[in-house]
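Student: Following this line is final14.cif, made up of mmCIF, C-alpha atoms and all ligand atoms:
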```cif
data_upload
loop_
_atom_site.group_PDB
_atom_site.id
_atom_site.type_symbol
_atom_site.label_atom_id
_atom_site.label_comp_id
_atom_site.auth_asym_id
_atom_site.auth_seq_id
_atom_site.Cartn_x
_atom_site.Cartn_y
_atom_site.Cartn_z
ATOM 1 C CA MET A 1 0.000 0.000 0.000
ATOM 2 C CA VAL A 2 2.767 2.408 1.007
ATOM 3 C CA VAL A 3 4.592 1.505 -2.215
ATOM 4 C CA LEU A 4 1.436 2.121 -4.253
ATOM 5 C CA VAL A 5 0.851 5.533 -2.656
ATOM 6 C CA THR A 6 4.525 6.408 -3.134
ATOM 7 C CA LEU A 7 4.356 5.407 -6.821
ATOM 8 C CA LEU A 8 1.150 7.374 -7.354
ATOM 9 C CA LEU A 9 2.665 10.463 -5.712
ATOM 10 C CA ALA A 10 5.853 10.093 -7.763
ATOM 11 C CA GLY A 11 3.758 9.749 -10.932
ATOM 12 C CA TYR A 12 1.724 12.822 -10.022
ATOM 13 C CA GLY A 13 4.950 14.707 -9.297
ATOM 14 C CA MET A 14 6.296 13.811 -12.751
ATOM 15 C CA VAL A 15 3.114 14.942 -14.506
ATOM 16 C CA THR A 16 3.001 18.282 -12.697
ATOM 17 C CA SER A 17 6.704 18.821 -13.268
ATOM 18 C CA PHE A 18 6.302 18.165 -17.041
ATOM 19 C CA GLU A 19 3.352 20.558 -17.055
ATOM 20 C CA ASN A 20 5.354 23.187 -15.161
ATOM 21 C CA GLN A 21 8.217 22.774 -17.618
ATOM 22 C CA ALA A 22 5.864 23.232 -20.614
ATOM 23 C CA GLU A 23 4.355 26.334 -18.993
ATOM 24 C CA THR A 24 7.808 27.779 -18.285
ATOM 25 C CA THR A 25 8.881 27.215 -21.905
ATOM 26 C CA GLU A 26 5.659 28.779 -23.212
ATOM 27 C CA ALA A 27 6.094 31.767 -20.855
ATOM 28 C CA ALA A 28 9.699 32.222 -22.059
ATOM 29 C CA THR A 29 8.476 32.114 -25.684
ATOM 30 C CA ILE A 30 5.798 34.747 -24.996
ATOM 31 C CA ASP A 31 8.411 36.961 -23.360
ATOM 32 C CA ARG A 32 10.750 36.567 -26.373
ATOM 33 C CA VAL A 33 7.914 37.314 -28.810
ATOM 34 C CA ASN A 34 6.904 40.469 -26.916
ATOM 35 C CA LYS A 35 10.476 41.748 -26.839
ATOM 36 C CA GLN A 36 11.039 41.020 -30.544
ATOM 37 C CA LYS A 37 7.742 42.614 -31.529
ATOM 38 C CA GLU A 38 8.326 45.763 -29.500
ATOM 39 C CA TYR A 39 11.826 46.118 -30.953
ATOM 40 C CA MET A 40 10.699 45.551 -34.536
ATOM 41 C CA GLU A 41 7.740 47.929 -34.310
ATOM 42 C CA LYS A 42 9.847 50.637 -32.705
ATOM 43 C CA TYR A 43 12.933 50.415 -34.906
ATOM 44 C CA ALA A 44 12.192 48.406 -38.071
ATOM 45 C CA GLY A 45 8.995 50.264 -38.844
ATOM 46 C CA LYS A 46 5.808 49.195 -40.568
ATOM 47 C CA SER A 47 5.622 45.915 -42.510
ATOM 48 C CA GLY A 48 5.302 45.976 -46.279
ATOM 49 C CA SER A 49 3.644 43.359 -48.457
ATOM 50 C CA LEU A 50 5.179 40.269 -49.954
ATOM 51 C CA GLN A 51 6.257 40.708 -53.593
ATOM 52 C CA MET A 52 3.888 38.640 -55.791
ATOM 53 C CA VAL A 53 4.547 37.119 -59.241
ATOM 54 C CA ALA A 54 2.230 35.559 -61.787
ATOM 55 C CA ASN A 55 1.850 31.826 -62.203
ATOM 56 C CA ASP A 56 3.297 31.635 -65.745
ATOM 57 C CA ASP A 57 6.685 31.320 -67.487
ATOM 58 C CA GLU A 58 7.626 34.953 -67.001
ATOM 59 C CA GLY A 59 6.372 34.868 -63.409
ATOM 60 C CA SER A 60 8.473 31.832 -62.593
ATOM 61 C CA ASP A 61 11.623 33.563 -63.952
ATOM 62 C CA ASP A 62 10.847 36.622 -61.838
ATOM 63 C CA GLY A 63 9.887 34.438 -58.870
ATOM 64 C CA ALA A 64 13.207 32.575 -58.960
ATOM 65 C CA LYS A 65 15.030 35.926 -59.135
ATOM 66 C CA PHE A 66 13.113 37.333 -56.155
ATOM 67 C CA LEU A 67 13.763 34.148 -54.188
ATOM 68 C CA GLU A 68 17.460 34.538 -54.913
ATOM 69 C CA ALA A 69 17.510 38.201 -53.938
ATOM 70 C CA GLN A 70 15.025 38.206 -51.050
ATOM 71 C CA GLY A 71 14.670 34.613 -49.815
ATOM 72 C CA CYS A 72 10.890 34.784 -50.307
ATOM 73 C CA VAL A 73 8.269 35.590 -52.926
ATOM 74 C CA GLY A 74 4.524 35.195 -53.437
ATOM 75 C CA VAL A 75 2.959 33.313 -56.360
ATOM 76 C CA VAL A 76 -0.565 33.954 -57.555
ATOM 77 C CA LYS A 77 -2.964 30.981 -57.834
ATOM 78 C CA VAL A 78 -0.846 28.019 -56.851
ATOM 79 C CA LEU A 79 -4.195 26.276 -56.257
ATOM 80 C CA SER A 80 -7.559 26.959 -57.869
ATOM 81 C CA GLU A 81 -10.500 28.197 -55.782
ATOM 82 C CA ALA A 82 -12.247 24.844 -56.245
ATOM 83 C CA THR A 83 -9.241 22.853 -55.015
ATOM 84 C CA CYS A 84 -8.875 25.188 -52.023
ATOM 85 C CA ARG A 85 -12.536 24.740 -51.085
ATOM 86 C CA GLU A 86 -12.303 20.956 -51.302
ATOM 87 C CA LEU A 87 -9.035 20.823 -49.373
ATOM 88 C CA LEU A 88 -10.267 23.224 -46.698
ATOM 89 C CA GLU A 89 -13.220 20.957 -46.002
ATOM 90 C CA HIS A 90 -10.986 17.878 -45.980
ATOM 91 C CA VAL A 91 -8.491 19.451 -43.553
ATOM 92 C CA ASN A 92 -11.218 20.666 -41.184
ATOM 93 C CA ASN A 93 -12.829 17.204 -41.123
ATOM 94 C CA ALA A 94 -9.525 15.353 -40.655
ATOM 95 C CA ILE A 95 -8.539 17.660 -37.787
ATOM 96 C CA ALA A 96 -11.944 17.341 -36.135
ATOM 97 C CA LYS A 97 -11.439 13.547 -36.044
ATOM 98 C CA ASP A 98 -7.964 13.705 -34.481
ATOM 99 C CA ILE A 99 -8.179 16.816 -32.299
ATOM 100 C CA GLU A 100 -9.124 15.071 -29.035
ATOM 101 C CA ASP A 101 -5.630 13.630 -28.798
ATOM 102 C CA ARG A 102 -2.937 16.232 -29.375
ATOM 103 C CA THR A 103 -0.295 13.502 -28.885
ATOM 104 C CA ASN A 104 -1.539 11.880 -32.120
ATOM 105 C CA PRO A 105 1.535 11.714 -34.433
ATOM 106 C CA ASN A 106 -0.484 13.440 -37.172
ATOM 107 C CA PHE A 107 0.136 16.670 -35.250
ATOM 108 C CA GLY A 108 3.563 18.208 -35.812
ATOM 109 C CA ASN A 109 5.622 20.492 -33.620
ATOM 110 C CA VAL A 110 4.807 24.148 -33.767
ATOM 111 C CA TYR A 111 5.951 27.294 -31.962
ATOM 112 C CA SER A 112 3.311 29.096 -29.859
ATOM 113 C CA ARG A 113 0.817 26.283 -29.506
ATOM 114 C CA LYS A 114 -2.063 28.325 -28.111
ATOM 115 C CA ASN A 115 -4.862 27.894 -30.698
ATOM 116 C CA ARG A 116 -2.272 26.967 -33.320
ATOM 117 C CA PHE A 117 -1.377 23.579 -34.740
ATOM 118 C CA ASP A 118 0.388 21.834 -37.522
ATOM 119 C CA TYR A 119 -1.436 18.855 -39.055
ATOM 120 C CA LYS A 120 0.315 16.317 -41.301
ATOM 121 C CA LEU A 121 -1.791 15.420 -44.316
ATOM 122 C CA ASP A 122 -2.515 12.002 -45.750
ATOM 123 C CA LEU A 123 -1.243 11.756 -49.309
ATOM 124 C CA LYS A 124 -3.397 8.654 -49.856
ATOM 125 C CA GLN A 125 -6.509 10.847 -49.725
ATOM 126 C CA PRO A 126 -7.526 11.827 -53.308
ATOM 127 C CA THR A 127 -8.201 15.444 -52.273
ATOM 128 C CA VAL A 128 -4.719 15.816 -50.809
ATOM 129 C CA ARG A 129 -3.060 14.048 -53.722
ATOM 130 C CA LYS A 130 -4.869 16.306 -56.201
ATOM 131 C CA ALA A 131 -3.817 19.460 -54.327
ATOM 132 C CA VAL A 132 -0.172 18.359 -54.080
ATOM 133 C CA LYS A 133 -0.126 17.550 -57.795
ATOM 134 C CA GLU A 134 -1.701 20.877 -58.760
ATOM 135 C CA ALA A 135 0.585 22.933 -56.504
ATOM 136 C CA SER A 136 3.700 21.000 -57.550
ATOM 137 C CA ALA A 137 2.909 21.453 -61.265
ATOM 138 C CA ASN A 138 2.366 25.189 -60.761
ATOM 139 C CA LEU A 139 5.590 25.539 -58.780
ATOM 140 C CA ARG A 140 7.822 23.172 -60.738
ATOM 141 C CA GLN A 141 9.721 25.811 -62.730
ATOM 142 C CA ILE A 142 10.391 28.092 -59.825
ATOM 143 C CA LEU A 143 11.356 25.163 -57.566
ATOM 144 C CA SER A 144 13.752 23.595 -60.021
ATOM 145 C CA LYS A 145 15.359 26.965 -60.788
ATOM 146 C CA THR A 146 15.762 27.696 -57.080
ATOM 147 C CA CYS A 147 16.900 24.237 -55.969
ATOM 148 C CA GLY A 148 19.511 24.354 -58.740
ATOM 149 C CA ASN A 149 20.647 27.949 -58.164
ATOM 150 C CA ARG A 150 24.273 27.791 -57.076
ATOM 151 C CA ASN A 151 24.282 31.481 -56.067
ATOM 152 C CA ILE A 152 22.120 30.594 -53.095
ATOM 153 C CA GLY A 153 23.609 27.187 -52.409
ATOM 154 C CA GLY A 154 21.190 25.193 -54.577
ATOM 155 C CA THR A 155 22.633 21.870 -55.676
ATOM 156 C CA SER A 156 20.128 20.199 -57.972
ATOM 157 C CA SER A 157 17.559 21.382 -60.491
ATOM 158 C CA SER A 158 16.677 17.925 -61.704
ATOM 159 C CA GLU A 159 13.044 17.226 -60.792
ATOM 160 C CA ASN A 160 13.720 13.607 -59.878
ATOM 161 C CA GLN A 161 16.359 14.832 -57.411
ATOM 162 C CA ILE A 162 14.073 17.311 -55.647
ATOM 163 C CA GLU A 163 12.505 15.558 -52.685
ATOM 164 C CA LEU A 164 9.132 16.133 -51.015
ATOM 165 C CA LEU A 165 10.113 16.917 -47.418
ATOM 166 C CA GLU A 166 6.930 18.250 -45.825
ATOM 167 C CA LEU A 167 3.203 17.966 -46.367
ATOM 168 C CA ALA A 168 0.890 19.511 -43.791
ATOM 169 C CA ALA A 169 -1.550 22.273 -42.901
ATOM 170 C CA LEU A 170 -0.879 25.090 -40.462
ATOM 171 C CA VAL A 171 -3.935 26.121 -38.542
ATOM 172 C CA SER A 172 -4.150 29.287 -36.513
ATOM 173 C CA ASP A 173 -7.425 29.820 -34.726
ATOM 174 C CA PRO A 174 -8.782 33.087 -33.325
ATOM 175 C CA GLN A 175 -6.632 34.284 -30.415
ATOM 176 C CA SER A 176 -3.569 32.329 -31.473
ATOM 177 C CA SER A 177 -0.518 34.279 -30.442
ATOM 178 C CA ARG A 178 2.385 35.467 -32.543
ATOM 179 C CA GLN A 179 5.360 33.130 -32.943
ATOM 180 C CA PRO A 180 8.952 34.096 -32.253
ATOM 181 C CA VAL A 181 10.890 35.076 -35.365
ATOM 182 C CA HIS A 182 12.824 31.957 -36.365
ATOM 183 C CA PRO A 183 14.387 30.172 -39.331
ATOM 184 C CA ASP A 184 13.137 26.636 -40.071
ATOM 185 C CA THR A 185 16.734 25.571 -40.745
ATOM 186 C CA ASN A 186 19.787 26.947 -38.973
ATOM 187 C CA TYR A 187 22.226 28.522 -41.371
ATOM 188 C CA ARG A 188 24.230 26.255 -43.636
ATOM 189 C CA GLN A 189 25.915 27.119 -46.877
ATOM 190 C CA ASN A 190 23.638 25.078 -49.103
ATOM 191 C CA LEU A 191 19.961 25.678 -49.592
ATOM 192 C CA CYS A 192 18.237 22.516 -48.367
ATOM 193 C CA ALA A 193 14.494 23.230 -48.298
ATOM 194 C CA VAL A 194 11.987 25.534 -49.965
ATOM 195 C CA THR A 195 8.552 25.772 -48.360
ATOM 196 C CA THR A 196 5.344 27.028 -49.968
ATOM 197 C CA PHE A 197 2.422 28.090 -47.755
ATOM 198 C CA VAL A 198 -0.825 28.193 -49.758
ATOM 199 C CA ALA A 199 -3.784 30.147 -48.352
ATOM 200 C CA LEU A 200 -6.960 28.049 -48.300
ATOM 201 C CA GLN A 201 -8.983 31.226 -47.659
ATOM 202 C CA ASP A 202 -8.112 34.905 -47.979
ATOM 203 C CA VAL A 203 -5.652 35.928 -45.255
ATOM 204 C CA SER A 204 -6.245 39.446 -43.962
ATOM 205 C CA GLU A 205 -4.027 41.432 -41.594
ATOM 206 C CA SER A 206 -6.169 40.479 -38.578
ATOM 207 C CA MET A 207 -5.959 36.730 -39.356
ATOM 208 C CA GLY A 208 -2.245 36.611 -38.569
ATOM 209 C CA PRO A 209 -0.402 36.477 -41.902
ATOM 210 C CA THR A 210 3.114 35.069 -42.015
ATOM 211 C CA LEU A 211 5.756 37.767 -41.557
ATOM 212 C CA PHE A 212 9.011 37.319 -43.486
ATOM 213 C CA ILE A 213 12.256 39.270 -43.105
ATOM 214 C CA PRO A 214 13.745 39.318 -46.613
ATOM 215 C CA GLN A 215 17.499 38.805 -47.044
ATOM 216 C CA THR A 216 17.975 37.024 -43.729
ATOM 217 C CA ASN A 217 18.762 33.611 -45.232
ATOM 218 C CA THR A 218 22.461 34.483 -44.979
ATOM 219 C CA LEU A 219 25.325 33.643 -42.637
ATOM 220 C CA GLU A 220 25.650 37.285 -41.615
ATOM 221 C CA ALA A 221 21.959 37.621 -40.721
ATOM 222 C CA HIS A 222 21.909 34.383 -38.683
ATOM 223 C CA LYS A 223 25.107 35.387 -36.854
ATOM 224 C CA SER A 224 23.773 38.774 -35.828
ATOM 225 C CA PHE A 225 20.401 37.241 -34.855
ATOM 226 C CA GLN A 226 22.229 34.830 -32.512
ATOM 227 C CA GLU A 227 24.650 37.445 -31.201
ATOM 228 C CA ASN A 228 21.683 39.603 -30.210
ATOM 229 C CA LEU A 229 20.026 36.640 -28.456
ATOM 230 C CA GLU A 230 17.252 36.742 -31.094
ATOM 231 C CA LEU A 231 15.863 39.882 -29.453
ATOM 232 C CA GLY A 232 17.281 42.733 -31.548
ATOM 233 C CA GLY A 233 20.085 43.782 -33.885
ATOM 234 C CA PRO A 234 20.414 44.291 -37.643
ATOM 235 C CA SER A 235 18.474 41.190 -38.729
ATOM 236 C CA LEU A 236 15.292 42.228 -36.946
ATOM 237 C CA LEU A 237 15.806 45.791 -38.202
ATOM 238 C CA LYS A 238 15.567 44.822 -41.855
ATOM 239 C CA PRO A 239 12.248 45.812 -43.439
ATOM 240 C CA ASN A 240 9.765 42.957 -43.059
ATOM 241 C CA VAL A 241 6.829 41.895 -45.238
ATOM 242 C CA LYS A 242 3.546 40.157 -44.532
ATOM 243 C CA ALA A 243 1.935 37.516 -46.742
ATOM 244 C CA LEU A 244 -1.575 38.906 -47.203
ATOM 245 C CA LEU A 245 -2.662 36.177 -49.564
ATOM 246 C CA LYS A 246 -5.818 35.642 -51.556
ATOM 247 C CA THR A 247 -7.328 32.159 -51.668
ATOM 248 C CA GLY A 248 -4.998 29.856 -53.613
ATOM 249 C CA ASP A 249 -1.998 32.208 -53.529
ATOM 250 C CA GLY A 250 1.240 30.956 -52.032
ATOM 251 C CA SER A 251 4.288 32.348 -50.260
ATOM 252 C CA ILE A 252 7.524 30.526 -51.093
ATOM 253 C CA PHE A 253 10.617 30.836 -48.928
ATOM 254 C CA ASP A 254 14.075 29.443 -48.347
ATOM 255 C CA SER A 255 13.907 27.558 -45.007
ATOM 256 C CA ARG A 256 16.908 29.561 -43.738
ATOM 257 C CA LEU A 257 14.900 32.806 -43.920
ATOM 258 C CA LEU A 258 13.742 34.427 -40.656
ATOM 259 C CA HIS A 259 9.960 34.504 -40.372
ATOM 260 C CA CYS A 260 7.042 33.930 -37.994
ATOM 261 C CA GLY A 261 3.286 33.447 -37.912
ATOM 262 C CA THR A 262 1.609 36.527 -36.439
ATOM 263 C CA GLU A 263 -1.335 36.670 -34.033
ATOM 264 C CA ASN A 264 -4.849 35.882 -35.243
ATOM 265 C CA VAL A 265 -7.054 38.592 -33.747
ATOM 266 C CA SER A 266 -9.955 37.904 -36.124
ATOM 267 C CA GLU A 267 -12.858 35.543 -35.592
ATOM 268 C CA THR A 268 -11.848 33.296 -38.484
ATOM 269 C CA ARG A 269 -9.714 30.163 -38.579
ATOM 270 C CA ARG A 270 -6.719 30.586 -40.906
ATOM 271 C CA ILE A 271 -5.430 27.489 -42.701
ATOM 272 C CA LEU A 272 -2.287 27.369 -44.810
ATOM 273 C CA PHE A 273 -1.668 24.190 -46.776
ATOM 274 C CA TYR A 274 2.066 23.639 -47.153
ATOM 275 C CA ILE A 275 4.577 21.585 -49.061
ATOM 276 C CA THR A 276 8.347 21.672 -48.757
ATOM 277 C CA TYR A 277 10.778 20.434 -51.378
ATOM 278 C CA GLY A 278 14.577 20.343 -51.306
ATOM 279 C CA PRO A 279 17.506 18.873 -53.232
ATOM 280 C CA LYS A 280 17.976 15.220 -52.273
ATOM 281 C CA ASN A 281 21.728 15.609 -52.016
ATOM 282 C CA ALA A 282 21.637 18.680 -49.747
ATOM 283 C CA GLU A 283 22.796 18.428 -46.160
ATOM 284 C CA ASN A 284 19.509 18.850 -44.314
ATOM 285 C CA PRO A 285 19.472 18.539 -40.512
ATOM 286 C CA ASN A 286 15.655 18.206 -40.462
ATOM 287 C CA ARG A 287 15.277 15.500 -43.098
ATOM 288 C CA GLY A 288 14.537 12.806 -40.486
ATOM 289 C CA PHE A 289 11.875 14.745 -38.601
ATOM 290 C CA SER A 290 10.383 17.323 -40.965
ATOM 291 C CA THR A 291 6.573 17.616 -40.916
ATOM 292 C CA ILE A 292 5.378 14.729 -43.056
ATOM 293 C CA ARG A 293 3.738 11.404 -42.108
ATOM 294 C CA GLU A 294 6.423 8.723 -41.716
ATOM 295 C CA GLU A 295 4.937 6.521 -44.439
ATOM 296 C CA PHE A 296 5.607 9.266 -47.024
ATOM 297 C CA ARG A 297 9.053 10.392 -45.832
ATOM 298 C CA GLY A 298 11.773 10.185 -48.485
ATOM 299 C CA ARG A 299 9.472 8.529 -51.040
ATOM 300 C CA TYR A 300 8.435 11.296 -53.433
ATOM 301 C CA THR A 301 10.079 13.802 -55.727
ATOM 302 C CA LEU A 302 8.881 16.878 -57.584
ATOM 303 C CA GLU A 303 8.814 14.759 -60.728
ATOM 304 C CA THR A 304 6.609 12.015 -59.223
ATOM 305 C CA MET A 305 4.257 14.511 -57.599
ATOM 306 C CA CYS A 306 3.629 16.327 -60.902
ATOM 307 C CA LYS A 307 2.377 13.114 -62.567
HETATM 308 O O1 LIG B 1 1.744 30.268 -39.240
HETATM 309 C C1 LIG B 1 2.507 30.865 -39.999
HETATM 310 O O2 LIG B 1 2.163 31.789 -40.719
HETATM 311 C C2 LIG B 1 3.965 30.467 -40.022
HETATM 312 C C3 LIG B 1 4.234 29.238 -39.219
HETATM 313 C C4 LIG B 1 5.675 28.933 -39.051
HETATM 314 O O3 LIG B 1 6.522 29.614 -39.534
HETATM 315 C C5 LIG B 1 6.080 27.775 -38.269
HETATM 316 O O4 LIG B 1 5.223 27.156 -37.597
HETATM 317 O O5 LIG B 1 7.291 27.455 -38.290
#
```
Translate the structure of the given file into structure tokens.
Tutor:
Amino acid sequence: MVVLVTLLLAGYGMVTSFENQAETTEAATIDRVNKQKEYMEKYAGKSGSLQMVANDDEGSDDGAKFLEAQGCVGVVKVLSEATCRELLEHVNNAIAKDIEDRTNPNFGNVYSRKNRFDYKLDLKQPTVRKAVKEASANLRQILSKTCGNRNIGGTSSSENQIELLELAALVSDPQSSRQPVHPDTNYRQNLCAVTTFVALQDVSESMGPTLFIPQTNTLEAHKSFQENLELGGPSLLKPNVKALLKTGDGSIFDSRLLHCGTENVSETRRILFYITYGPKNAENPNRGFSTIREEFRGRYTLETMCK
């Protein structure tokens, strides 16, 4: 009996200590976000808008150039309205089924978890497959130009050597808080991943658009970000842009670029469908745990997804 009570108390102690740890981490994140935001609003000034290009041959040339120069660019109509509608319904239904258990492996890791989550999509579902095919076909030129652009560390433009690394949906519900500015990949010389967030509904300022800091996918920008403890300095002072996207439009960025999701102060759920591709031969520290269901990891390329 004494042993049982002792075990129960020890178990309870472990649970509360894990909970306390999670709360402490979340509190530290909120503090970091507040400091970054105050600094950026005071010194970096007002955000601009993401540069958009058309979804055609000329647009993909321009898009690849902007990606090289800025580390991010927007593309008009990566998905059609009809595909967005169908996918939005699919994502909402899939999440509703799994939401009771946030430890379900279909949920990925995300910064600032209050009312925000990352949901890995099932490529076996025809709606998902169709959306990935459509987006991949619309992005193929820009992705192969970027993944093969040696000026920014690209190593392969061959579509059968460009790997699907992530497939998920980012959901931010009303009252989700802003994320800390972060890169998805710590600096390395070679570009290893290019992510596209596609808006499944219009994203207005109040719905918490993604904020990007152009030209921070560089060694210099990462160094100064670290040296200033991620709270200030030249990287956060660079002019930033927000991705105010229309339904079906996408923002594409080099995973080394500094960015964050901003707070959703509207009454509307915001869902971004996202896919990440990167050269197969690139050194990628996240390859083993990027946001994709395990059964699909390492199995698909840009070429196979366009078929
Ligand atoms: O929600 C967003 O707009 C961006 C999310 C993001 O950057 C992340 O979760 O790493």
Student: Give the answer as one residue: which of A:Lys145, A:Arg113, A:Arg293, A:Lys280 has the shortest atom-to-atom distance to ligand LIG 1 (chain B), using all atoms listed in the file?
Tutor: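 Closest to ligand LIG 1 (chain B), using all atoms listed in the file: A:Arg113.
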Student: Here is a test: counting all atoms listed in the file, which residue of A:Val53, A:Tyr119, A:Pro183, A:Lys124 is nearest to Lys97 of chain A?
Tutor: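 Ranked by minimum distance to Lys97 of chain A, first place goes to A:Tyr119.
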Student: A:Leu200, A:Met207, A:Leu170, A:Val76: which is nearest ligand LIG 1 (chain B), counting all atoms listed in the file?
Tutor: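 Residue with the minimum atom-to-atom distance to ligand LIG 1 (chain B): A:Leu170.
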Student: Taking the file above as input, evaluate the PyMOL selection byres (((chain A and resi 67) around 12) and not hetatm) and report the hits as a ChimeraX atom specification.
Tutor: /A:50-53,59-66,68-75,142-143,145-147,149,151-152,154,191,194-196,214-217,251-257
Student: For the residues selected in the previous step, produce a file with C-alpha atoms as a tab-separated table (two decimals), in the frame of the given file.
Tutor:
```tsv
chain	number	residue	atom	x	y	z
A	50	LEU	CA	5.18	40.27	-49.95
A	51	GLN	CA	6.26	40.71	-53.59
A	52	MET	CA	3.89	38.64	-55.79
A	53	VAL	CA	4.55	37.12	-59.24
A	59	GLY	CA	6.37	34.87	-63.41
A	60	SER	CA	8.47	31.83	-62.59
A	61	ASP	CA	11.62	33.56	-63.95
A	62	ASP	CA	10.85	36.62	-61.84
A	63	GLY	CA	9.89	34.44	-58.87
A	64	ALA	CA	13.21	32.58	-58.96
A	65	LYS	CA	15.03	35.93	-59.14
A	66	PHE	CA	13.11	37.33	-56.16
A	68	GLU	CA	17.46	34.54	-54.91
A	69	ALA	CA	17.51	38.20	-53.94
A	70	GLN	CA	15.02	38.21	-51.05
A	71	GLY	CA	14.67	34.61	-49.82
A	72	CYS	CA	10.89	34.78	-50.31
A	73	VAL	CA	8.27	35.59	-52.93
A	74	GLY	CA	4.52	35.20	-53.44
A	75	VAL	CA	2.96	33.31	-56.36
A	142	ILE	CA	10.39	28.09	-59.82
A	143	LEU	CA	11.36	25.16	-57.57
A	145	LYS	CA	15.36	26.96	-60.79
A	146	THR	CA	15.76	27.70	-57.08
A	147	CYS	CA	16.90	24.24	-55.97
A	149	ASN	CA	20.65	27.95	-58.16
A	151	ASN	CA	24.28	31.48	-56.07
A	152	ILE	CA	22.12	30.59	-53.10
A	154	GLY	CA	21.19	25.19	-54.58
A	191	LEU	CA	19.96	25.68	-49.59
A	194	VAL	CA	11.99	25.53	-49.96
A	195	THR	CA	8.55	25.77	-48.36
A	196	THR	CA	5.34	27.03	-49.97
A	214	PRO	CA	13.74	39.32	-46.61
A	215	GLN	CA	17.50	38.80	-47.04
A	216	THR	CA	17.98	37.02	-43.73
A	217	ASN	CA	18.76	33.61	-45.23
A	251	SER	CA	4.29	32.35	-50.26
A	252	ILE	CA	7.52	30.53	-51.09
A	253	PHE	CA	10.62	30.84	-48.93
A	254	ASP	CA	14.08	29.44	-48.35
A	255	SER	CA	13.91	27.56	-45.01
A	256	ARG	CA	16.91	29.56	-43.74
A	257	LEU	CA	14.90	32.81	-43.92
```
Student: Neighbours of ligand LIG 1 (chain B) within 7 Å, counting only C-alpha atoms and all ligand atoms, as a list in words?
Tutor: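 Listing the residues within 7 Å of ligand LIG 1 (chain B) gives Val110, Tyr111, Leu170, Ser172, Asp184, Gly208, Pro209, Thr210, His259, Cys260, Gly261 and Thr262 of chain A.
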Student: Evaluate the PyMOL selection byres (((chain A and resi 242) around 9) and not hetatm) and record the selected residues as a CSV table (one decimal) with C-alpha atoms, in the frame of the given file, following the chain and residue labels used in the document.
Tutor:
```
chain,number,residue,atom,x,y,z
A,47,SER,CA,5.6,45.9,-42.5
A,48,GLY,CA,5.3,46.0,-46.3
A,49,SER,CA,3.6,43.4,-48.5
A,50,LEU,CA,5.2,40.3,-50.0
A,205,GLU,CA,-4.0,41.4,-41.6
A,209,PRO,CA,-0.4,36.5,-41.9
A,210,THR,CA,3.1,35.1,-42.0
A,211,LEU,CA,5.8,37.8,-41.6
A,212,PHE,CA,9.0,37.3,-43.5
A,213,ILE,CA,12.3,39.3,-43.1
A,240,ASN,CA,9.8,43.0,-43.1
A,241,VAL,CA,6.8,41.9,-45.2
A,243,ALA,CA,1.9,37.5,-46.7
A,244,LEU,CA,-1.6,38.9,-47.2
A,245,LEU,CA,-2.7,36.2,-49.6
```
Student: So, counting only C-alpha atoms, which residue among A:Leu258, A:Ala282, A:Leu231, A:Leu236 is closest to Asp31 of chain A?
Tutor: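 Of the candidates, the smallest distance to Asp31 of chain A is held by A:Leu231.
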Student: Starting from the displayed file, determine the output of the PyMOL selection byres (((chain A and resi 279) around 9) and not hetatm) and express the residue list as a ChimeraX atom specification.
Tutor: /A:147-148,154-159,161-163,191-193,277-278,280-283
Student: Can I get the selected residues back with C-alpha atoms, as a PDB file, keeping the file's coordinate frame?
Tutor:
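Output file again-v6.pdb follows:
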```pdb
ATOM      1  CA  CYS A 147      16.900  24.237 -55.969  1.00  0.00           C
ATOM      2  CA  GLY A 148      19.511  24.354 -58.740  1.00  0.00           C
ATOM      3  CA  GLY A 154      21.190  25.193 -54.577  1.00  0.00           C
ATOM      4  CA  THR A 155      22.633  21.870 -55.676  1.00  0.00           C
ATOM      5  CA  SER A 156      20.128  20.199 -57.972  1.00  0.00           C
ATOM      6  CA  SER A 157      17.559  21.382 -60.491  1.00  0.00           C
ATOM      7  CA  SER A 158      16.677  17.925 -61.704  1.00  0.00           C
ATOM      8  CA  GLU A 159      13.044  17.226 -60.792  1.00  0.00           C
ATOM      9  CA  GLN A 161      16.359  14.832 -57.411  1.00  0.00           C
ATOM     10  CA  ILE A 162      14.073  17.311 -55.647  1.00  0.00           C
ATOM     11  CA  GLU A 163      12.505  15.558 -52.685  1.00  0.00           C
ATOM     12  CA  LEU A 191      19.961  25.678 -49.592  1.00  0.00           C
ATOM     13  CA  CYS A 192      18.237  22.516 -48.367  1.00  0.00           C
ATOM     14  CA  ALA A 193      14.494  23.230 -48.298  1.00  0.00           C
ATOM     15  CA  TYR A 277      10.778  20.434 -51.378  1.00  0.00           C
ATOM     16  CA  GLY A 278      14.577  20.343 -51.306  1.00  0.00           C
ATOM     17  CA  LYS A 280      17.976  15.220 -52.273  1.00  0.00           C
ATOM     18  CA  ASN A 281      21.728  15.609 -52.016  1.00  0.00           C
ATOM     19  CA  ALA A 282      21.637  18.680 -49.747  1.00  0.00           C
ATOM     20  CA  GLU A 283      22.796  18.428 -46.160  1.00  0.00           C
TER      21      GLU A 283
END
```
Student: With a distance cut-off of 9 Å and only C-alpha atoms, select the neighbouring residues of Asn115 of chain A, excluding the residue or stretch itself and same-chain residues fewer than 4 positions from it, and output the selection as a PyMOL selection string.
Tutor: chain A and resi 171-177
Student: To one decimal place, how far is atom CA of Ile275 of chain A from atom CA of Leu237 of chain A in Å?
Tutor: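 If I compute the distance from atom CA of Ile275 of chain A to atom CA of Leu237 of chain A, I get 28.8 Å.
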Student: Nearest residue to Tyr274 of chain A out of A:Cys306, A:Leu165, A:Ala137, A:Ala221, using only C-alpha atoms?
Tutor: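 Smallest separation from Tyr274 of chain A among the options: A:Leu165.
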